[in-house]
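Trainee: I'm passing along input_9.txt; it holds compact mmCIF, C-alpha atoms.
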```
# COMPACT_ATOMS: atom_id res chain seq x y z
CA MET K 1 71.78 31.67 108.64
CA SER K 2 71.94 27.96 109.34
CA GLN K 3 69.74 27.18 112.32
CA SER K 4 71.04 23.61 112.41
CA LEU K 5 74.60 24.91 112.94
CA VAL K 6 73.40 27.23 115.71
CA ASN K 7 71.55 24.35 117.33
CA ALA K 8 74.52 21.97 117.10
CA ILE K 9 76.84 24.50 118.76
CA ILE K 10 74.34 25.36 121.48
CA ALA K 11 73.76 21.66 122.20
CA MET K 12 77.56 21.14 122.39
CA ARG K 13 77.44 18.60 119.52
CA GLU K 14 81.01 19.20 118.42
CA GLU K 15 81.17 16.64 115.60
CA ASP K 16 77.82 17.71 114.17
CA ALA K 17 78.86 21.36 114.24
CA LEU K 18 81.97 20.64 112.20
CA LYS K 19 80.06 18.36 109.82
CA ILE K 20 77.35 20.98 109.20
CA THR K 21 80.05 23.63 108.64
CA LYS K 22 81.66 21.46 105.96
CA GLU K 23 78.29 20.80 104.31
CA LEU K 24 77.47 24.51 104.28
CA ILE K 25 80.77 25.32 102.57
CA GLU K 26 80.23 22.52 100.04
CA GLN K 27 76.82 23.99 99.28
CA GLY K 28 78.50 27.31 98.52
CA THR K 29 77.69 29.27 101.70
CA ASP K 30 79.96 32.29 102.25
CA PRO K 31 82.50 31.34 104.98
CA PHE K 32 81.97 34.75 106.60
CA GLU K 33 78.30 33.95 106.91
CA VAL K 34 79.23 30.68 108.63
CA LEU K 35 81.45 32.64 111.03
CA ALA K 36 78.60 35.06 111.74
CA THR K 37 76.36 32.09 112.47
CA CYS K 38 78.94 30.81 114.96
CA GLY K 39 78.95 34.28 116.52
CA THR K 40 75.16 34.12 116.95
CA ALA K 41 75.45 30.70 118.63
CA MET K 42 78.19 32.01 120.92
CA GLU K 43 76.04 34.99 121.89
CA THR K 44 73.19 32.65 122.83
CA ILE K 45 75.55 30.58 124.98
CA GLY K 46 76.82 33.80 126.56
CA ASP K 47 73.24 34.84 127.38
CA ARG K 48 72.55 31.45 128.92
CA PHE K 49 75.71 31.73 130.97
CA GLU K 50 74.61 35.12 132.30
CA LYS K 51 71.23 33.68 133.25
CA GLY K 52 72.82 30.71 135.01
CA GLU K 53 71.52 28.23 132.42
CA ALA K 54 74.97 27.37 131.06
CA PHE K 55 78.24 27.11 132.95
CA ILE K 56 82.00 27.38 132.50
CA PRO K 57 82.39 23.92 130.86
CA GLU K 58 79.90 24.94 128.15
CA LEU K 59 81.78 28.19 127.51
CA ILE K 60 85.02 26.25 127.13
CA LEU K 61 83.47 23.61 124.87
CA ALA K 62 81.84 26.27 122.69
CA GLY K 63 85.15 28.12 122.44
CA GLU K 64 86.88 24.92 121.36
CA MET K 65 84.21 24.21 118.74
CA LEU K 66 84.60 27.70 117.36
CA LYS K 67 88.36 27.24 117.17
CA GLN K 68 87.94 24.05 115.16
CA ILE K 69 85.43 25.64 112.82
CA THR K 70 87.69 28.66 112.32
CA ASP K 71 90.71 26.46 111.64
CA PHE K 72 88.68 24.75 108.93
CA LEU K 73 87.45 28.05 107.49
CA LYS K 74 90.76 29.93 107.68
CA PRO K 75 92.11 28.91 104.26
CA LEU K 76 88.82 30.11 102.74
CA LEU K 77 88.79 33.46 104.49
CA GLY K 78 91.98 34.96 103.02
CA ASP K 79 92.09 37.18 99.91
CA GLY K 80 92.22 40.42 101.87
CA LYS K 81 88.54 40.44 102.71
CA GLN K 82 87.77 40.87 106.39
CA ALA K 83 90.60 38.71 107.66
CA GLY K 84 93.26 40.15 105.35
CA ASP K 85 95.24 43.06 106.76
CA ALA K 86 94.91 43.30 110.48
CA LEU K 87 92.63 46.12 111.56
CA GLY K 88 94.96 47.13 114.37
CA THR K 89 96.76 45.82 117.41
CA PHE K 90 94.85 44.96 120.56
CA VAL K 91 96.88 44.25 123.70
CA LEU K 92 95.00 41.91 126.01
CA GLY K 93 95.67 40.29 129.38
CA THR K 94 94.27 39.23 132.74
CA VAL K 95 95.42 41.78 135.31
CA GLU K 96 97.86 41.19 138.14
CA GLY K 97 96.60 38.91 140.91
CA ASP K 98 93.99 37.19 138.75
CA ILE K 99 94.53 34.00 136.79
CA HIS K 100 91.15 33.51 135.10
CA ASP K 101 91.38 33.48 131.34
CA ILE K 102 88.32 31.78 129.87
CA ALA K 103 86.61 35.07 129.06
CA LYS K 104 89.88 36.63 127.89
CA ASP K 105 90.55 33.74 125.52
CA ILE K 106 87.09 34.06 123.99
CA VAL K 107 87.65 37.80 123.47
CA ALA K 108 91.07 37.13 121.89
CA PHE K 109 89.51 34.61 119.54
CA VAL K 110 86.59 36.84 118.52
CA LEU K 111 88.90 39.83 117.96
CA GLU K 112 91.17 37.72 115.77
CA ILE K 113 88.38 36.43 113.57
CA ASN K 114 87.27 40.03 113.20
CA GLY K 115 90.65 40.99 111.82
CA PHE K 116 92.55 42.38 114.79
CA ASN K 117 96.13 41.54 115.63
CA VAL K 118 95.87 40.39 119.25
CA VAL K 119 98.86 40.45 121.59
CA ASP K 120 97.77 38.21 124.45
CA LEU K 121 99.92 38.69 127.56
CA GLY K 122 98.33 35.82 129.48
CA VAL K 123 97.35 36.01 133.14
CA ASP K 124 98.58 37.80 136.28
CA VAL K 125 100.02 40.58 134.13
CA PRO K 126 101.62 43.48 136.04
CA PRO K 127 100.78 47.07 134.93
CA ALA K 128 104.38 47.64 133.76
CA LYS K 129 104.08 44.74 131.33
CA PHE K 130 101.03 46.32 129.69
CA VAL K 131 102.86 49.65 129.40
CA GLU K 132 105.95 48.01 127.93
CA THR K 133 103.93 46.02 125.38
CA VAL K 134 101.89 49.04 124.29
CA LYS K 135 105.14 50.96 123.73
CA GLU K 136 106.69 48.09 121.80
CA THR K 137 103.71 47.40 119.55
CA GLY K 138 102.33 50.90 119.22
CA ALA K 139 98.90 49.46 120.05
CA LYS K 140 96.10 51.95 120.59
CA ILE K 141 93.73 49.59 122.37
CA VAL K 142 94.19 47.64 125.60
CA GLY K 143 91.80 45.07 127.06
CA LEU K 144 92.06 44.37 130.79
CA SER K 145 90.40 41.19 131.95
CA GLY K 146 89.64 39.97 135.44
CA PHE K 147 87.09 37.64 136.96
CA LEU K 148 87.50 38.50 140.63
CA THR K 149 86.28 41.75 142.17
CA MET K 150 89.86 41.95 143.46
CA ALA K 151 90.86 42.62 139.85
CA TYR K 152 89.26 46.10 139.82
CA GLU K 153 92.17 47.54 141.78
CA PRO K 154 94.93 46.28 139.42
CA MET K 155 92.75 47.41 136.49
CA LYS K 156 92.76 50.90 137.99
CA LEU K 157 96.52 50.74 138.58
CA THR K 158 97.11 49.63 134.99
CA VAL K 159 95.04 52.51 133.57
CA GLU K 160 97.05 54.90 135.78
CA ALA K 161 100.34 53.34 134.67
CA LEU K 162 99.42 53.85 131.01
CA LYS K 163 98.57 57.51 131.70
CA ASP K 164 101.75 58.00 133.74
CA ALA K 165 103.76 56.63 130.80
CA GLY K 166 102.22 59.33 128.60
CA LEU K 167 100.05 56.86 126.71
CA ASP K 168 96.93 59.01 127.10
CA ASP K 169 95.67 58.25 123.61
CA VAL K 170 95.45 54.52 124.32
CA LYS K 171 91.85 53.35 124.82
CA VAL K 172 91.15 50.82 127.54
CA ILE K 173 88.25 48.41 127.84
CA ILE K 174 87.66 46.22 130.90
CA GLY K 175 85.77 42.95 131.16
CA GLY K 176 85.90 39.35 132.25
CA GLY K 177 83.62 39.39 135.26
CA GLN K 178 80.99 41.55 136.88
CA VAL K 179 81.84 44.96 135.47
CA ASP K 180 79.49 47.87 134.98
CA ASP K 181 79.68 51.60 134.44
CA GLN K 182 80.52 52.26 138.07
CA ILE K 183 83.53 49.95 137.86
CA ARG K 184 84.52 51.49 134.53
CA GLU K 185 84.50 54.89 136.18
CA TYR K 186 86.39 53.59 139.22
CA THR K 187 89.14 52.05 137.11
CA GLY K 188 89.34 55.01 134.73
CA ALA K 189 88.79 52.78 131.69
CA ASP K 190 87.09 54.10 128.55
CA ALA K 191 84.58 51.26 128.24
CA PHE K 192 83.44 48.01 129.78
CA GLY K 193 82.09 44.86 128.21
CA THR K 194 80.12 41.90 129.47
CA ASP K 195 80.40 39.91 126.25
CA ALA K 196 83.06 39.38 123.61
CA MET K 197 81.24 41.24 120.82
CA THR K 198 81.32 44.46 122.86
CA ALA K 199 85.13 44.35 122.71
CA VAL K 200 84.92 44.01 118.93
CA LYS K 201 82.42 46.87 118.69
CA TYR K 202 84.62 49.29 120.66
CA ALA K 203 87.82 48.10 118.98
CA LYS K 204 86.33 48.88 115.55
CA GLN K 205 85.05 52.22 116.78
CA TRP K 206 88.45 53.19 118.22
CA ASN K 207 90.51 51.78 115.40
CA MET Y 1 70.67 44.64 171.58
CA THR Y 2 71.38 41.10 170.38
CA PRO Y 3 67.70 40.09 169.94
CA ASN Y 4 67.31 43.03 167.56
CA THR Y 5 70.19 41.84 165.42
CA LYS Y 6 69.69 39.22 162.75
CA ILE Y 7 72.08 37.43 160.44
CA ILE Y 8 71.51 36.48 156.82
CA ALA Y 9 74.48 34.49 155.58
CA CYS Y 10 75.69 32.25 152.81
CA ALA Y 11 75.73 28.53 153.67
CA THR Y 12 79.55 28.51 153.62
CA VAL Y 13 79.94 31.56 155.85
CA ILE Y 14 77.39 30.44 158.45
CA GLU Y 15 79.55 27.36 159.13
CA GLU Y 16 82.21 29.66 160.55
CA MET Y 17 79.69 31.82 162.40
CA LEU Y 18 77.55 29.14 164.06
CA PRO Y 19 79.87 28.37 167.01
CA LEU Y 20 79.93 32.09 167.84
CA ILE Y 21 76.31 33.14 167.39
CA PRO Y 22 74.56 33.89 170.72
CA ASN Y 23 71.41 31.84 171.35
CA GLU Y 24 69.12 34.83 171.20
CA MET Y 25 70.39 36.02 167.82
CA SER Y 26 68.34 34.75 164.86
CA TYR Y 27 69.83 33.80 161.53
CA GLU Y 28 68.82 32.76 158.07
CA VAL Y 29 70.92 30.80 155.59
CA LEU Y 30 70.88 31.25 151.82
CA ASP Y 31 71.94 28.65 149.28
CA PHE Y 32 75.64 28.61 148.46
CA GLY Y 33 74.97 27.92 144.78
CA LEU Y 34 73.57 31.43 144.35
CA HIS Y 35 77.09 32.86 144.21
CA ARG Y 36 77.45 31.57 140.68
CA THR Y 37 74.79 33.92 139.38
CA PRO Y 38 75.22 37.29 141.09
CA GLU Y 39 71.87 38.59 139.80
CA LYS Y 40 70.01 35.69 141.43
CA LEU Y 41 71.99 36.17 144.63
CA LYS Y 42 71.12 39.86 144.65
CA THR Y 43 67.40 39.08 144.23
CA ALA Y 44 67.50 36.39 146.93
CA LEU Y 45 69.27 38.77 149.33
CA GLN Y 46 66.86 41.65 148.71
CA GLU Y 47 63.91 39.29 149.24
CA ALA Y 48 65.44 38.03 152.49
CA ILE Y 49 65.98 41.64 153.62
CA ASP Y 50 62.41 42.60 152.71
CA ARG Y 51 60.86 39.76 154.70
CA THR Y 52 62.89 40.55 157.83
CA LYS Y 53 60.60 41.37 160.75
CA SER Y 54 60.22 44.94 161.91
CA ASP Y 55 61.68 44.42 165.39
CA ILE Y 56 65.13 44.02 163.84
CA HIS Y 57 67.42 47.07 164.10
CA THR Y 58 70.56 45.65 162.56
CA LEU Y 59 70.93 43.07 159.84
CA LEU Y 60 74.29 41.38 159.40
CA LEU Y 61 74.90 40.13 155.88
CA GLY Y 62 77.39 37.26 155.92
CA TYR Y 63 78.73 38.04 152.48
CA GLY Y 64 81.44 40.08 150.82
CA LEU Y 65 81.16 42.07 147.63
CA CYS Y 66 80.53 38.64 146.02
CA SER Y 67 80.76 39.57 142.34
CA GLN Y 68 78.87 42.78 143.16
CA ALA Y 69 75.78 40.82 144.27
CA VAL Y 70 75.42 43.07 147.34
CA VAL Y 71 75.65 46.30 145.32
CA GLY Y 72 72.21 47.90 145.08
CA LEU Y 73 70.76 46.25 148.20
CA ARG Y 74 68.78 48.43 150.59
CA ALA Y 75 66.72 48.19 153.73
CA ASN Y 76 64.26 50.87 154.71
CA ARG Y 77 63.76 50.13 158.40
CA PHE Y 78 67.11 48.89 159.68
CA ARG Y 79 70.80 49.18 158.99
CA LEU Y 80 72.87 46.66 157.07
CA ILE Y 81 76.36 45.56 158.09
CA ILE Y 82 78.59 43.78 155.57
CA PRO Y 83 82.25 42.76 155.98
CA LYS Y 84 84.35 45.05 153.74
CA VAL Y 85 85.86 42.21 151.74
CA ASP Y 86 85.77 40.90 148.18
CA ASP Y 87 84.38 37.49 149.06
CA CYS Y 88 84.12 34.85 151.78
CA ILE Y 89 87.76 33.77 151.51
CA ALA Y 90 88.77 36.98 153.30
CA ILE Y 91 86.19 36.21 156.00
CA PHE Y 92 87.72 32.76 156.55
CA LEU Y 93 91.28 34.12 156.55
CA GLY Y 94 90.30 36.76 159.09
CA SER Y 95 90.95 39.92 157.10
CA ASP Y 96 91.11 41.50 153.70
CA GLN Y 97 94.86 41.93 154.19
CA ALA Y 98 95.40 38.21 154.81
CA TYR Y 99 93.48 37.43 151.60
CA GLN Y 100 95.53 39.93 149.58
CA GLN Y 101 98.70 38.42 150.98
CA GLN Y 102 97.72 34.84 150.10
CA SER Y 103 96.59 35.95 146.67
CA ARG Y 104 99.85 37.75 146.00
CA GLN Y 105 101.88 34.72 147.07
CA VAL Y 106 99.99 32.20 144.95
CA PRO Y 107 97.39 33.81 142.65
CA GLY Y 108 96.33 30.40 141.33
CA THR Y 109 94.90 29.15 144.60
CA TYR Y 110 91.62 27.31 144.97
CA TYR Y 111 90.47 27.75 148.57
CA LEU Y 112 88.45 25.23 150.53
CA THR Y 113 86.73 25.28 153.92
CA LYS Y 114 84.26 22.96 155.60
CA GLY Y 115 81.40 25.02 154.19
CA TRP Y 116 82.73 24.88 150.63
CA ILE Y 117 83.37 21.15 150.83
CA GLU Y 118 79.96 20.39 152.34
CA ALA Y 119 78.20 22.54 149.77
CA GLY Y 120 79.73 20.21 147.19
CA ASP Y 121 79.25 22.73 144.45
CA GLY Y 122 82.75 23.40 143.13
CA PRO Y 123 84.54 22.27 139.97
CA PHE Y 124 85.89 19.15 141.68
CA GLU Y 125 82.46 17.82 142.55
CA GLU Y 126 81.30 18.72 139.08
CA PHE Y 127 83.80 16.36 137.52
CA ASP Y 128 81.59 13.26 137.82
CA GLU Y 129 78.71 15.19 136.31
CA LEU Y 130 80.98 16.23 133.42
CA VAL Y 131 81.94 12.58 132.88
CA ASN Y 132 78.25 11.68 132.70
CA ARG Y 133 77.50 14.43 130.27
CA TYR Y 134 80.55 14.45 128.02
CA GLY Y 135 82.44 11.18 128.65
CA GLU Y 136 85.66 10.59 130.57
CA ASP Y 137 88.13 11.96 128.01
CA LYS Y 138 86.32 15.20 127.34
CA ALA Y 139 85.62 15.66 131.05
CA ARG Y 140 89.34 15.33 131.84
CA TRP Y 141 90.21 17.77 129.09
CA LEU Y 142 87.59 20.22 130.42
CA MET Y 143 88.91 19.99 133.99
CA GLY Y 144 92.40 20.62 132.63
CA GLN Y 145 91.09 23.78 130.97
CA ILE Y 146 89.15 24.93 134.03
CA LEU Y 147 92.10 24.41 136.38
CA LYS Y 148 94.76 25.44 133.86
CA ASN Y 149 96.21 28.29 135.90
CA TYR Y 150 95.56 26.86 139.35
CA THR Y 151 98.58 25.48 141.15
CA ARG Y 152 97.48 25.18 144.76
CA LEU Y 153 94.57 23.78 146.71
CA ALA Y 154 94.50 25.47 150.09
CA LEU Y 155 92.42 24.19 152.97
CA ILE Y 156 91.77 27.04 155.39
CA ASN Y 157 91.97 25.96 159.01
CA THR Y 158 89.80 28.35 160.99
CA GLY Y 159 90.05 26.16 164.09
CA GLN Y 160 86.27 26.08 164.33
CA TYR Y 161 85.73 22.40 163.77
CA GLU Y 162 87.36 18.97 163.48
CA LEU Y 163 89.42 19.18 160.32
CA ALA Y 164 90.45 15.54 159.72
CA ARG Y 165 87.61 14.65 157.33
CA TYR Y 166 88.16 17.74 155.26
CA GLN Y 167 91.92 17.31 155.22
CA GLU Y 168 91.50 13.91 153.69
CA TYR Y 169 89.08 15.19 151.08
CA ALA Y 170 91.25 18.18 150.19
CA ARG Y 171 94.43 16.14 149.99
CA LYS Y 172 92.84 13.53 147.75
CA THR Y 173 91.28 16.18 145.53
CA ALA Y 174 94.61 17.98 145.16
CA GLN Y 175 96.26 14.73 144.17
CA ARG Y 176 93.52 13.81 141.73
CA PHE Y 177 93.71 17.11 139.91
CA ASN Y 178 97.44 17.63 140.18
CA LEU Y 179 97.44 20.60 142.55
CA LYS Y 180 99.78 21.30 145.44
CA TYR Y 181 97.98 20.70 148.73
CA GLU Y 182 98.51 23.15 151.52
CA GLU Y 183 96.82 23.85 154.81
CA ILE Y 184 96.78 27.54 155.64
CA PRO Y 185 95.80 29.20 158.90
CA GLY Y 186 92.45 30.93 159.01
CA SER Y 187 91.12 33.22 161.69
CA THR Y 188 87.84 33.92 163.43
CA ALA Y 189 88.82 37.54 164.09
CA LEU Y 190 86.58 39.06 161.44
CA VAL Y 191 83.65 36.72 162.13
CA LYS Y 192 83.85 37.51 165.86
CA LYS Y 193 83.89 41.24 165.29
CA PHE Y 194 81.09 40.86 162.75
CA ILE Y 195 78.84 39.20 165.33
CA GLN Y 196 79.85 41.22 168.37
CA GLY Y 197 80.97 44.55 166.95
CA PRO Y 198 82.41 47.13 166.93
CA TRP Y 199 81.51 47.67 163.27
CA ASP Y 200 84.53 49.73 162.39
CA ASN Y 201 86.36 50.30 159.10
CA ASP Y 202 86.40 46.56 158.43
CA PHE Y 203 82.66 46.77 157.72
CA VAL Y 204 80.34 48.54 155.36
CA VAL Y 205 77.54 50.13 157.40
CA ILE Y 206 74.46 51.09 155.40
CA GLN Y 207 71.93 53.27 157.18
CA PRO Y 208 68.17 52.67 156.71
CA GLY Y 209 66.98 53.89 153.32
CA GLN Y 210 70.48 53.98 151.80
CA THR Y 211 71.76 51.72 149.05
CA VAL Y 212 74.93 49.61 149.02
CA SER Y 213 77.42 50.85 146.43
CA TYR Y 214 80.76 49.52 145.23
CA LEU Y 215 82.52 52.58 146.61
CA ASP Y 216 81.35 51.71 150.13
CA PHE Y 217 83.77 48.80 149.88
CA LYS Y 218 86.64 51.05 148.85
CA THR Y 219 86.38 53.93 151.32
CA ASN Y 220 88.14 53.93 154.68
CA ARG Y 221 89.51 50.51 153.97
CA SER Y 222 92.05 49.30 156.50
CA ASN Y 223 95.43 49.53 154.81
CA PRO Y 224 97.13 46.24 153.90
```
Rewrite the coordinates I just gave you, this time as C-alpha cells.
Mentor:
Amino acid sequence: MSQSLVNAIIAMREEDALKITKELIEQGTDPFEVLATCGTAMETIGDRFEKGEAFIPELILAGEMLKQITDFLKPLLGDGKQAGDALGTFVLGTVEGDIHDIAKDIVAFVLEINGFNVVDLGVDVPPAKFVETVKETGAKIVGLSGFLTMAYEPMKLTVEALKDAGLDDVKVIIGGGQVDDQIREYTGADAFGTDAMTAVKYAKQWN
Amino acid sequence: MTPNTKIIACATVIEEMLPLIPNEMSYEVLDFGLHRTPEKLKTALQEAIDRTKSDIHTLLLGYGLCSQAVVGLRANRFRLIIPKVDDCIAIFLGSDQAYQQQSRQVPGTYYLTKGWIEAGDGPFEEFDELVNRYGEDKARWLMGQILKNYTRLALINTGQYELARYQEYARKTAQRFNLKYEEIPGSTALVKKFIQGPWDNDFVVIQPGQTVSYLDFKTNRSNP
C-alpha cells in the first residue's frame, strides 16, 4: 500500500494524490490496490471526522479526490474483475424531511466502486418512492440515510411501507448520522452503519 | 423550590432563557461548538451533571436529543428534565410541532437565532477560514456543496431581544450564499414552561438513578 498516497489524501493535497495515483499505475501497481489504498485513506478521514478532528469540508474534498482518482482508474478496472457485472442493485436515498446527502453520496460512491448498481433517489424521499423504486428495479437492498434525529421517524415509516407492500425480503440498512442499535431496532431496519464500508459489508453479505 | 433547581444549557439556548430565569436559580453554560461532536457533548454534559452540588433537586438540561448526545446521561441524586425535542430549533420555535411544520414546509432551511449568530460557529462563518485554507475558488465550491440542498435562511424571532443587528447579518448572509431570507416567528412558550413547569408530556423527566434513553423522547409525545 502506498503510504504517500494515503498521506496526500489525508492532507487534502488533491493534485499530489492524482499525481501519485498516476505514478503508481505507471509503475505497474494493480488499480484495485490503488482503490483499496484510497479506501484506507477515506476510513482514516472518517475516523477523524468522528473524533471531531476533521469536518464536513474535508469529507467533501476527500470524496471529490476519490471521484477523480476513480475516473482515472475506471478504464483500467474493466475486464469483468470486481467492477464488471454489477453485484446487485442497491436503492439509496435521504429520507423524507431531511436534505443532507454528504454521507449518502460517499456511500453511493463506495458501493459503486465495489461493484453494486446504485439507484440514488436523492434527498427528501417519501416512503412511497422507495417502495415504487424497489418494485421497479427488483432491488433486494435499501439504504436509508438521514443526518437529523428527526430522520428516524421517516426511516421507521419507510421500513413499514416496504413491509406493507409485501417486500419483506428486502434488507434495509440505515445510516448518515448518529445511529446505533437502539435506533436500528426503533426503525425496524436490519442493520445500521456509521461508515461507508459497513454498507458495503452488509450489501455483500445480503447479496 | 427554585433555589434547588439548576440549569445546564447550551450557549445558544441560554440566550433565550436568560430573560426568564429567576434571580435565585443558578445556571451553567456549555460551549455551543460541542454539538458538532455528540460524544464530546455527552462527556461534557455528564461531567457537568456530576459536579452539580448536592442541594440541587432538579436539573434542567437546556438541550434536545441533540444527535443523541443526551442519551445515556444519568444523575444519581436528582432528577433531570429535558425538553422532548430533536434539537434547539424546536425550543426556539416553541414546540416540536412548530419545528415539524417548518421542516415539512421547507426541509432545506438553515435556522438562525441570536445565540447561533453570536456563537459564530456555523458554515457561513467558516467560509473565511475555508478561503484561508483552500483558496477562494475551492472555498466557494465547498460552500456550494455544503449548502447544495438548502434554499432558505430563516431567522427565528423569539421576541426576546432587539433583532435589528441579527436581521442585517442574516439578510446579508442569505444574499451572499444565495438563500431566500425569511423571518419566522418563534415562541418562548416551551422555554417558559421549562423554567417554571409544569413538566408535562413536552419534557423528558428522568428520575434519580435512571438513564436517558432515545425512547424517552418518543413516548407520550404531544401529537403534532
Trainee: Go through chain K residue by residue and, counting all atoms listed in the file, keep those with an atom at most 10 Å from chain Y; for each kept residue give the shortest atom pair and its distance in Å to one decimal, ordered by chain and increasing number, as a Markdown table.
Mentor:
```
| residue | atom | partner | partner_atom | distance |
| --- | --- | --- | --- | --- |
| K:Met12 | CA | Y:Tyr134 | CA | 9.2 |
| K:Arg13 | CA | Y:Tyr134 | CA | 10.0 |
| K:Phe49 | CA | Y:Thr37 | CA | 8.7 |
| K:Glu50 | CA | Y:Thr37 | CA | 7.2 |
| K:Lys51 | CA | Y:Thr37 | CA | 7.1 |
| K:Gly52 | CA | Y:Thr37 | CA | 5.8 |
| K:Glu53 | CA | Y:Thr37 | CA | 9.6 |
| K:Phe55 | CA | Y:Arg36 | CA | 9.0 |
| K:Ile56 | CA | Y:Ile146 | CA | 7.7 |
| K:Pro57 | CA | Y:Leu142 | CA | 6.4 |
| K:Glu58 | CA | Y:Leu142 | CA | 9.3 |
| K:Ile60 | CA | Y:Leu142 | CA | 7.3 |
| K:Leu61 | CA | Y:Leu142 | CA | 7.7 |
| K:Glu96 | CA | Y:Pro107 | CA | 8.7 |
| K:Gly97 | CA | Y:Pro107 | CA | 5.4 |
| K:Asp98 | CA | Y:Pro107 | CA | 6.2 |
| K:Ile99 | CA | Y:Asn149 | CA | 6.0 |
| K:His100 | CA | Y:Asn149 | CA | 7.3 |
| K:Asp101 | CA | Y:Asn149 | CA | 8.4 |
| K:Ile102 | CA | Y:Ile146 | CA | 8.1 |
| K:Val123 | CA | Y:Asn149 | CA | 8.3 |
| K:Asp124 | CA | Y:Pro107 | CA | 7.6 |
| K:Phe147 | CA | Y:Ser67 | CA | 8.5 |
| K:Leu148 | CA | Y:Ser67 | CA | 7.0 |
| K:Thr149 | CA | Y:Ser67 | CA | 5.9 |
| K:Met150 | CA | Y:Asp86 | CA | 6.3 |
| K:Ala151 | CA | Y:Asp86 | CA | 9.9 |
| K:Glu153 | CA | Y:Lys218 | CA | 9.6 |
| K:Gly177 | CA | Y:Ser67 | CA | 7.6 |
| K:Gln178 | CA | Y:Ser67 | CA | 5.8 |
| K:Val179 | CA | Y:Gln68 | CA | 8.5 |
| K:Asp180 | CA | Y:Gln68 | CA | 9.7 |
| K:Gln182 | CA | Y:Tyr214 | CA | 7.7 |
| K:Ile183 | CA | Y:Tyr214 | CA | 7.9 |
| K:Tyr186 | CA | Y:Leu215 | CA | 8.4 |
```
Trainee: Excluding same-chain residues fewer than 5 positions from Ala41 (chain K), what lies within 7 Å of it counting only C-alpha atoms, as a count of residues only?
Mentor: 3
Trainee: For the point (86.5, 44.1, 126.0) in the file's frame, write as JSON, numbers by chain all residues with an atom no more than 8 Å away, counting all atoms listed in the file.
Mentor: {"K": [107, 143, 144, 145, 173, 174, 175, 176, 191, 192, 193, 194, 195, 196, 197, 198, 199, 200, 202]}
Trainee: Using all atoms listed in the file, determine which residues lie at most 7 Å from Ile184 (chain Y), disregarding the query and same-chain residues fewer than 6 positions distant; provide the list as a PyMOL selection string.
Mentor: chain Y and resi 154-157
Trainee: Using all atoms listed in the file, list the residues that have an atom at most 12 Å from (104.3, 49.0, 119.9), coordinates as in the file, as a list in words.
Mentor: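 Residues lying no farther than 12 Å from the given point: Gly88, Thr89, Phe90, Val91, Asn117, Val119, Phe130, Val131, Glu132, Thr133, Val134, Lys135, Glu136, Thr137, Gly138, Ala139, Lys140, Ile141, Val142, Leu167 and Val170 of chain K.
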Trainee: Using only C-alpha atoms, which protein or nucleic acid residues come within 12 Å of Ile195 (chain Y)? Drop anything in the same chain fewer than 5 positions from it, and give the result as a ChimeraX atom specification.
Mentor: /Y:1-2,5-9,14,16-22,25-27,58-62,81-83,188-190,203
Trainee: Hey, can you check how far CA of Leu35 (chain K) sits from CA of Ala203 (chain K)?
Mentor: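 Computed distance, CA of Leu35 (chain K) to CA of Ala203 (chain K), equals 18.5 Å.
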Trainee: For Asn4 (chain Y), which residue out of Y:Leu112, Y:Thr52, Y:Glu47, Y:Leu30 is the nearest one, using only C-alpha atoms?
Mentor: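 For Asn4 (chain Y), the nearest of the candidates is Y:Thr52.
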Trainee: How many Å lie between CA of Arg184 (chain K) and CA of Lys201 (chain K), rounded to one decimal?
Mentor: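 If I compute the distance from CA of Arg184 (chain K) to CA of Lys201 (chain K), I get 16.6 Å.
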Trainee: In Å, rounded to a single decimal, give me how far CA of Lys192 (chain Y) is from CA of Val204 (chain Y).
Mentor: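 Rounded to one decimal, the two atoms are 15.6 Å apart.
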Trainee: Any idea what's packed within 7 Å of region 155-161 of chain K, counting all atoms listed in the file, ignoring anything in its chain fewer than 5 positions away? Could you give it as a PyMOL selection string?
Mentor: chain K and resi 95+127+131+144+187-189
Trainee: I want to know what sits within 12 Å of region 65-77 of chain K, based on all atoms listed in the file, with residues of the same chain fewer than 4 positions away left out; could you give that as number ranges by chain?
Mentor: K: 5-6, 8-22, 24-26, 28-42, 58-61, 81-85, 105-106, 108-110, 112-115
